[in-house]
>>> print(open('data22.cif').read())   # mmCIF, C-alpha atoms
data_my_file
loop_
_atom_site.label_atom_id
_atom_site.label_comp_id
_atom_site.auth_asym_id
_atom_site.auth_seq_id
_atom_site.Cartn_x
_atom_site.Cartn_y
_atom_site.Cartn_z
CA LEU A 29 56.58 -67.92 9.10
CA PHE A 30 59.68 -69.26 7.36
CA SER A 31 62.18 -71.33 9.35
CA ASP A 32 62.77 -74.89 10.57
CA LEU A 33 59.93 -77.29 11.29
CA THR A 34 59.59 -79.11 14.57
CA SER A 35 58.48 -82.77 14.70
CA ASP A 36 57.26 -85.46 17.05
CA ASP A 37 56.00 -89.06 16.91
CA SER A 38 52.32 -88.30 17.32
CA GLN A 39 49.70 -88.01 14.58
CA GLU A 40 51.13 -84.60 13.74
CA SER A 41 53.52 -84.81 10.81
CA THR A 42 57.27 -84.96 10.80
CA SER A 43 59.12 -82.67 8.43
CA ASN A 44 62.55 -81.81 7.18
CA ASN A 45 64.41 -78.65 8.10
CA ASP A 46 63.29 -76.51 5.19
CA GLY A 47 59.88 -75.04 5.71
CA ILE A 48 57.61 -73.07 7.98
CA ASP A 49 58.44 -73.12 11.67
CA VAL A 50 55.30 -74.56 13.28
CA SER A 51 56.33 -73.04 16.62
CA SER A 52 56.40 -69.53 15.17
CA ASN A 53 52.69 -69.03 15.79
CA PRO A 54 50.28 -70.80 18.17
CA ASN A 55 47.66 -71.05 15.40
CA LEU A 56 49.91 -73.20 13.20
CA TYR A 57 49.66 -76.97 13.34
CA GLU A 58 50.79 -79.98 11.31
CA VAL A 59 49.04 -83.21 10.51
CA ARG A 60 49.88 -86.30 8.44
CA LEU A 61 46.95 -87.64 6.45
CA PRO A 62 46.33 -90.33 3.84
CA ARG A 63 46.34 -88.98 0.33
CA ALA A 64 42.53 -89.25 0.13
CA LEU A 65 42.00 -86.31 2.46
CA GLY A 66 38.24 -85.89 2.36
CA ILE A 67 38.63 -82.10 2.25
CA GLU A 68 36.72 -79.70 0.02
CA TRP A 69 38.87 -76.65 -0.61
CA GLY A 70 37.66 -73.09 -1.00
CA THR A 71 38.95 -69.58 -1.57
CA ASP A 72 37.62 -66.03 -1.70
CA LEU A 73 37.15 -63.86 -4.79
CA SER A 74 40.91 -63.34 -5.04
CA PHE A 75 41.22 -67.07 -5.83
CA SER A 76 44.14 -67.26 -3.41
CA PHE A 77 44.61 -68.18 0.28
CA VAL A 78 43.07 -71.63 0.06
CA TYR A 79 41.15 -72.87 3.09
CA VAL A 80 39.13 -75.87 4.25
CA ARG A 81 35.61 -75.25 3.00
CA ALA A 82 34.11 -78.57 4.12
CA ILE A 83 35.16 -81.94 5.53
CA GLU A 84 33.57 -85.16 4.34
CA PRO A 85 32.08 -87.11 7.27
CA GLY A 86 34.04 -90.27 8.01
CA SER A 87 37.04 -89.12 5.96
CA ALA A 88 40.68 -89.09 7.01
CA ALA A 89 40.48 -85.39 7.79
CA ASP A 90 37.35 -85.95 9.88
CA TYR A 91 38.88 -88.81 11.89
CA SER A 92 42.07 -86.83 12.50
CA GLY A 93 40.18 -84.68 14.99
CA VAL A 94 42.58 -81.87 14.12
CA VAL A 95 41.51 -80.28 10.85
CA SER A 96 38.62 -77.82 11.05
CA VAL A 97 36.49 -75.97 8.54
CA GLY A 98 38.01 -72.54 7.87
CA ASP A 99 41.63 -73.56 8.48
CA GLN A 100 44.06 -72.07 5.96
CA ILE A 101 46.44 -74.42 4.13
CA CYS A 102 50.04 -73.20 4.48
CA GLN A 103 52.34 -76.03 3.46
CA ILE A 104 52.26 -79.36 1.60
CA ARG A 105 54.83 -82.12 1.61
CA ALA A 106 54.56 -85.60 0.12
CA VAL A 107 55.70 -88.36 2.49
CA PRO A 108 58.30 -90.63 0.85
CA THR A 109 57.25 -94.27 0.54
CA GLY A 110 60.65 -95.80 1.43
CA GLU A 111 63.19 -95.03 4.14
CA SER A 112 65.94 -94.76 1.53
CA GLN A 113 64.11 -92.05 -0.40
CA GLU A 114 65.11 -88.44 0.08
CA PRO A 115 62.24 -86.47 1.66
CA PRO A 116 60.95 -83.82 -0.76
CA GLU A 117 61.07 -80.19 0.24
CA PRO A 118 57.85 -78.84 1.76
CA LEU A 119 55.98 -76.47 -0.53
CA ASN A 120 54.85 -73.20 1.00
CA VAL A 121 51.39 -72.29 -0.32
CA VAL A 122 50.54 -69.32 1.90
CA GLY A 123 48.59 -66.94 -0.33
CA ALA A 124 49.08 -69.14 -3.40
CA PRO A 125 46.44 -69.11 -6.17
CA PHE A 126 43.82 -71.86 -5.90
CA ASP A 127 44.92 -73.48 -9.16
CA ASN A 128 48.53 -73.62 -7.96
CA VAL A 129 47.54 -75.45 -4.77
CA MET A 130 45.30 -77.90 -6.61
CA GLY A 131 48.10 -78.43 -9.11
CA ILE A 132 50.50 -79.37 -6.31
CA PHE A 133 48.08 -81.99 -4.98
CA ALA A 134 47.48 -83.34 -8.49
CA GLY A 135 51.21 -83.48 -9.18
CA ILE A 136 52.06 -85.72 -6.22
CA GLU A 137 53.43 -89.01 -7.54
CA SER A 138 50.97 -91.89 -7.64
CA GLU A 139 52.97 -94.11 -5.25
CA VAL A 140 52.78 -91.53 -2.46
CA LYS A 141 50.28 -92.67 0.17
CA GLU A 142 50.46 -89.88 2.76
CA VAL A 143 51.00 -86.13 2.88
CA ASP A 144 52.17 -83.79 5.60
CA LEU A 145 50.02 -80.68 5.75
CA MET A 146 50.41 -77.51 7.76
CA PHE A 147 47.39 -75.37 8.55
CA PHE A 148 46.73 -72.02 10.16
CA ARG A 149 43.65 -71.86 12.36
CA GLY A 150 42.21 -68.46 11.64
CA THR A 151 41.00 -66.14 8.90
CA LYS A 152 42.88 -64.94 5.85
CA ASP A 153 43.45 -61.54 7.46
CA GLU A 154 44.76 -63.18 10.64
CA LEU A 155 47.15 -65.30 8.57
CA ILE A 156 48.43 -62.24 6.71
CA ALA A 157 48.93 -60.42 10.01
CA ALA A 158 50.79 -63.43 11.45
CA CYS A 159 53.10 -63.52 8.44
CA LYS A 160 53.93 -59.85 8.85
CA GLU A 161 54.56 -60.24 12.58
CA ASN A 162 57.01 -63.07 11.97
CA ASP A 163 58.77 -61.44 9.06
CA SER A 164 62.27 -60.57 10.22
CA SER A 165 63.21 -58.88 6.97
CA SER A 166 63.23 -55.15 6.40
CA THR A 167 60.17 -53.10 5.52
CA SER A 168 61.41 -52.65 1.98
CA THR A 169 61.64 -56.41 1.52
CA THR A 170 58.10 -56.85 2.82
CA GLU A 171 56.88 -54.24 0.39
CA ASN A 172 58.69 -55.96 -2.47
CA ASP A 173 56.99 -59.23 -1.57
CA GLU A 174 53.66 -57.50 -2.14
CA MET A 175 54.67 -56.40 -5.65
CA ILE A 176 54.55 -58.23 -8.96
CA THR A 177 55.94 -57.58 -12.44
CA ILE A 178 53.65 -57.24 -15.43
CA THR A 179 55.54 -57.53 -18.70
CA VAL A 180 53.56 -55.88 -21.49
CA ILE A 181 54.25 -56.59 -25.15
CA GLU A 182 52.62 -53.79 -27.12
CA LYS A 183 51.94 -54.53 -30.76
CA GLY A 184 52.27 -51.53 -33.03
CA GLU A 185 52.15 -50.81 -36.71
CA ASN A 186 53.97 -53.07 -39.17
CA SER A 187 53.94 -55.88 -36.59
CA SER A 188 56.43 -54.01 -34.43
CA LYS A 189 56.54 -54.83 -30.73
CA VAL A 190 57.54 -52.80 -27.70
CA THR A 191 58.16 -54.46 -24.35
CA LYS A 192 57.46 -52.62 -21.11
CA ARG A 193 57.73 -53.87 -17.53
CA ILE A 194 55.43 -52.53 -14.83
CA ARG A 195 55.75 -53.05 -11.09
CA ALA A 196 52.32 -53.29 -9.46
CA ALA A 197 50.67 -54.46 -6.27
CA LYS A 198 49.43 -58.03 -6.03
CA GLY A 199 45.79 -58.29 -7.01
CA VAL A 200 45.97 -55.40 -9.47
CA ASN A 201 43.33 -55.17 -12.19
CA VAL A 202 45.10 -55.70 -15.51
CA ARG A 203 43.05 -53.20 -17.52
CA GLN A 204 43.42 -50.48 -14.90
CA CYS A 205 47.14 -51.11 -14.57
CA LEU A 206 47.77 -50.90 -18.30
CA THR A 207 45.57 -47.89 -18.95
CA ASP A 208 47.17 -46.03 -16.03
CA GLU A 209 50.47 -46.53 -17.85
CA GLY A 210 49.00 -45.14 -21.06
CA ILE A 211 48.78 -48.55 -22.72
CA ASN A 212 45.79 -49.09 -24.98
CA VAL A 213 44.00 -52.44 -24.58
CA TYR A 214 41.24 -51.71 -27.10
CA GLN A 215 41.31 -52.39 -30.80
CA SER A 216 39.98 -50.11 -33.50
CA PHE A 217 37.30 -47.54 -32.64
CA THR A 218 36.43 -49.27 -29.36
CA ARG A 219 39.24 -47.23 -27.83
CA TRP A 220 36.67 -44.44 -27.61
CA THR A 221 33.41 -46.41 -27.41
CA ASN A 222 34.24 -49.02 -24.75
CA CYS A 223 32.37 -49.54 -21.48
CA LYS A 224 35.17 -48.17 -19.26
CA GLY A 225 35.85 -51.47 -17.54
CA LYS A 226 32.29 -52.48 -16.66
CA GLN A 227 32.42 -55.84 -18.54
CA LEU A 228 29.72 -54.76 -20.97
CA CYS A 229 31.49 -54.43 -24.32
CA GLY A 230 33.89 -57.40 -24.34
CA THR A 231 36.55 -55.50 -26.30
CA CYS A 232 39.46 -55.12 -23.84
CA ILE A 233 40.91 -58.45 -24.93
CA VAL A 234 44.54 -59.27 -24.12
CA ASP A 235 46.61 -62.42 -24.31
CA ILE A 236 48.15 -63.59 -21.01
CA SER A 237 50.94 -65.41 -22.83
CA GLU A 238 52.84 -66.28 -19.65
CA GLY A 239 51.78 -66.62 -16.02
CA SER A 240 48.05 -67.14 -16.57
CA ILE A 241 48.01 -69.37 -13.48
CA ASN A 242 48.79 -66.21 -11.48
CA THR A 243 45.45 -64.66 -12.45
CA ASN A 244 41.91 -65.25 -11.27
CA ARG A 245 39.73 -67.85 -12.96
CA LYS A 246 37.46 -66.92 -15.83
CA SER A 247 33.83 -66.43 -14.93
CA MET A 248 31.17 -68.13 -17.03
CA ASP A 249 30.36 -64.80 -18.68
CA GLU A 250 33.98 -64.12 -19.61
CA ALA A 251 34.49 -67.66 -20.88
CA SER A 252 31.35 -67.35 -23.02
CA THR A 253 32.47 -64.03 -24.48
CA LEU A 254 35.87 -65.46 -25.40
CA ARG A 255 34.72 -68.95 -26.31
CA GLU A 256 36.08 -68.80 -29.89
CA ASN A 257 39.50 -67.58 -28.80
CA PRO A 258 42.56 -69.27 -27.27
CA GLU A 259 42.38 -70.15 -23.57
CA SER A 260 45.04 -67.56 -22.73
CA TYR A 261 42.85 -64.68 -23.99
CA ARG A 262 41.26 -62.61 -21.22
CA LEU A 263 39.04 -59.58 -20.78
CA SER A 264 41.50 -57.29 -19.04
CA CYS A 265 38.74 -55.47 -17.14
CA VAL A 266 37.94 -58.59 -15.08
CA THR A 267 41.45 -60.04 -14.87
CA PHE A 268 43.43 -59.66 -11.65
CA ALA A 269 47.12 -60.55 -11.33
CA TYR A 270 48.52 -62.13 -8.16
CA GLY A 271 51.94 -63.00 -9.57
CA ASP A 272 54.20 -62.13 -12.50
CA ILE A 273 52.49 -62.26 -15.89
CA THR A 274 53.20 -61.38 -19.51
CA VAL A 275 50.46 -59.53 -21.37
CA GLU A 276 50.28 -59.10 -25.14
CA THR A 277 48.01 -56.36 -26.45
CA PHE A 278 46.04 -56.53 -29.69
CA PRO A 279 45.97 -60.33 -30.03
CA PRO A 280 44.44 -61.57 -33.30
CA ILE A 281 40.67 -61.89 -33.00
CA GLY A 282 38.21 -63.54 -35.37
CA LYS A 283 35.34 -61.69 -37.00
CA ALA A 284 32.85 -63.50 -34.79
CA GLN A 285 34.21 -61.59 -31.78
CA TRP A 286 32.67 -58.38 -33.11
CA THR A 287 29.18 -59.84 -33.68
CA ARG A 288 28.28 -60.58 -30.07
#
>>> encode(input="data22.cif", output="structure tokens")
Amino acid sequence: LFSDLTSDDSQESTSNNDGIDVSSNPNLYEVRLPRALGIEWGTDLSFSFVYVRAIEPGSAADYSGVVSVGDQICQIRAVPTGESQEPPEPLNVVGAPFDNVMGIFAGIESEVKEVDLMFFRGTKDELIAACKENDSSSTSTTENDEMITITVIEKGENSSKVTKRIRAAKGVNVRQCLTDEGINVYQSFTRWTNCKGKQLCGTCIVDISEGSINTNRKSMDEASTLRENPESYRLSCVTFAYGDITVETFPPIGKAQWTR
């Protein structure tokens, strides 16, 4: 799904030559909308592959007659306000984490009045299949695109640190990945008394020091368990990585953490 974009003078958006080729799949379409879209976005439990969950009646998206509930967002491009301005590159968001996509919308400059959006009409699985069908690269490249790097900083005795890099599939559970590599995520005696990843003991705490945006959101239960700790602290048993992250084991924890 990566190539040049086509354009026309209708309500569908115009685009520069760096982006997804809208003609590469019949389910792809483009539309230019005012910045106030009137779209409620959703995602599945992976917190990636953002789609149109609902459309506000009477909104720009509703009046477009093009956007439908269930359509997958694939590309975002801010429309420059003046003819002399250089058009920004379109941002491919196929499979991107929900927070990344919302961050792109929030980061659009205030003077921008319109955005060009590209959607895929179909399910997440159909979009993934379409991407694979249009991928002209080798099988090995496709496989590499499905892999991420987890950099683990293990803290040992005397404040020593050992760095290890692990290649894993997108969506991997952090606790499972680390324990499979023989890396301990539990402090003290909980190494032997933990709940084995069932989110019952709250002791598999790690620090996602880099790349936290590439993980799933905290649930209310996890946030409550870790409420007295830094925002980057996670329970590794319920943390899933969808992009490169850096994990530090044995982060400092207050006494209150052990009195839950």
>>> resolve_selection(input="data22.cif", expression="the PyMOL selection byres ((chain A and resi 130) around 12)", output="list in words")
Ile67, Glu68, Trp69, Gly70, Thr71, Phe75, Ser76, Phe77, Val78, Tyr79, Ile101, Ile104, Val121, Ala124, Pro125, Phe126, Asp127, Asn128, Val129, Gly131, Ile132, Phe133, Ala134, Gly135, Ile136 and Ile241 of chain A
>>> atom_distance(input="data22.cif", atom1="CA of Thr243 in chain A", atom2="CA of Gly47 in chain A")
25.4 Å
>>> atom_distance(input="data22.cif", atom1="CA of Gln204 in chain A", atom2="CA of Ser264 in chain A")
8.2 Å
>>> closest_residue(input="data22.cif", among="A:Ser252, A:Thr151, A:Gln227, A:Thr267", to="Arg203 in chain A", atoms="all atoms listed in the file")
A:Thr267
>>> resolve_selection(input="data22.cif", expression="the PyMOL selection byres ((chain A and resi 56) around 8)", output="VMD selection string")
chain A and resid 50 to 55 57 to 58 146 to 149
>>> residues_around(input="data22.cif", residues="Thr179 in chain A", least_positions_apart="2", cutoff="9 Å", atoms="all atoms listed in the file", output="PyMOL selection string")
chain A and resi 177+181+191-195+272-276
